[in-house]
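Peer 1: Pasting a structure here, questions to come.
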Amino acid sequence: MLPGLLLTAAIAAVAMALHRFAGLGGLSPLILSILLGAAIHNFIGTPVAAKPGVGFALRRVLRAAIVLLGLQLTASQIASVGLAGILLTALTLGATFVFTTWAGRRLGVARPLTALIAAGTSICGASAVVAANAVVDAEDEDVAYAVASVTIFGSLSMLLFPLLNAWLHLAPHAYGLWAGASIHEIAQVVAAAFAEGEAAGHFGTVVKLTRVLMLAPVVILLAWLWRRGGAQVPGSGRVTAPWFALGFLLMVGLNSVMPLPEAVRADAAGITTFMLAMALAAMGLETDIAKLRAKGMRPLALGASSWLFITGFGLAMAAVAM
């Protein structure tokens, strides 16, 4: 497996360097990794010797990274949002997931791709897409399509939310709630929320992290629904919940009881991002652009519908919070 692991690690390293040093800060290392991996696969070709390691990164490395993601959250952070904020965020997430699932059926989008777009839009972008895929086991082209969808529409939110607030005049906490509960990626939330000041920025970031915490129960529920629908859940056997989702919750609990020093937490966050970037690089290395193009416009319409829904619903919840 070493050749494939080295290849995905190299792509992840290049993606992180580009994110930091080449003026591409608006694109996360995860997005850059899948783009680089797809470019290599489609223009050069993935080496046969790399295939076993690429598969390992796509599954084992990914799930370990999701577990480590729990170290970025504590119970006290969640408590600072308040019960009302948590409930409104959960309501926005749940309503968006249900709407996207319904819209996917109406548009005739395949069930696995619909689930990935629903997870990415309602929870936390690319990280949620790859976490949900550990349950639904969609085609690599579906994963790439879902990642592209949440990236495009999340970036639009990042640019539009500050402009819209010049007209809406939301209070800092209400605006932070709207951004944190509605925008797809953490980096996009940070950029949009802090555009309206530090109070909005800090509150929006914590709301978003609270939304990330909901990744585990949503993935567990998705696994149950997937099995109930007669589909096989990869690697789950007789286990009721995916082990990586339970591991994620365990890390949150551990970090709440014995908080890591700030320096250690920063290092853990960097390692987590790198591992997720390796997994996305592996997805890129197995993504065929011709198959992606063949999926047509319906999944894009689904992503757009889901984005418009979460933006409007999240704004309504922010108005309630005022």
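Quick note on naming: the chains in the structure tokens go A, B, ... in the order shown, residues restart at 1 in each chain, and ligands are numbered from 1 in order of appearance.
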Could you name the residues that touch Ala269 in chain A at 12 Å or less, counting only C-alpha atoms, but leaving out those on the same chain fewer than 3 positions away, as a count of residues only?
Peer 2: 20
Peer 1: Counting only C-alpha atoms, which residues in range 61-134 of chain A sit no more than 6 Å from range 302-320 of chain A? For each one, give the nearest pair of atoms and the distance in Å, sorted by chain then residue number, as a tab-separated table.
Peer 2:
```
residue	atom	partner	partner_atom	distance
A:Thr92	CA	A:Gly314	CA	5.9
A:Thr96	CA	A:Ile310	CA	5.7
A:Thr100	CA	A:Ser306	CA	5.5
```
Peer 1: Find the residue from A:Ala179, A:Ile289, A:Ala281, A:Cys124 that sits nearest to Ala216 in chain A; use only C-alpha atoms when measuring.
Peer 2: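 Closest residue, counting only C-alpha atoms: A:Cys124.
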Peer 1: Write out as a ChimeraX atom specification each polymer residue whose atoms come within 10 Å of range 101-117 of chain A, counting only C-alpha atoms; drop sequence neighbours fewer than 6 positions from it.
Peer 2: /A:95,123,125-126,128-133,135-139,141-150,222,226,295-303,305-307
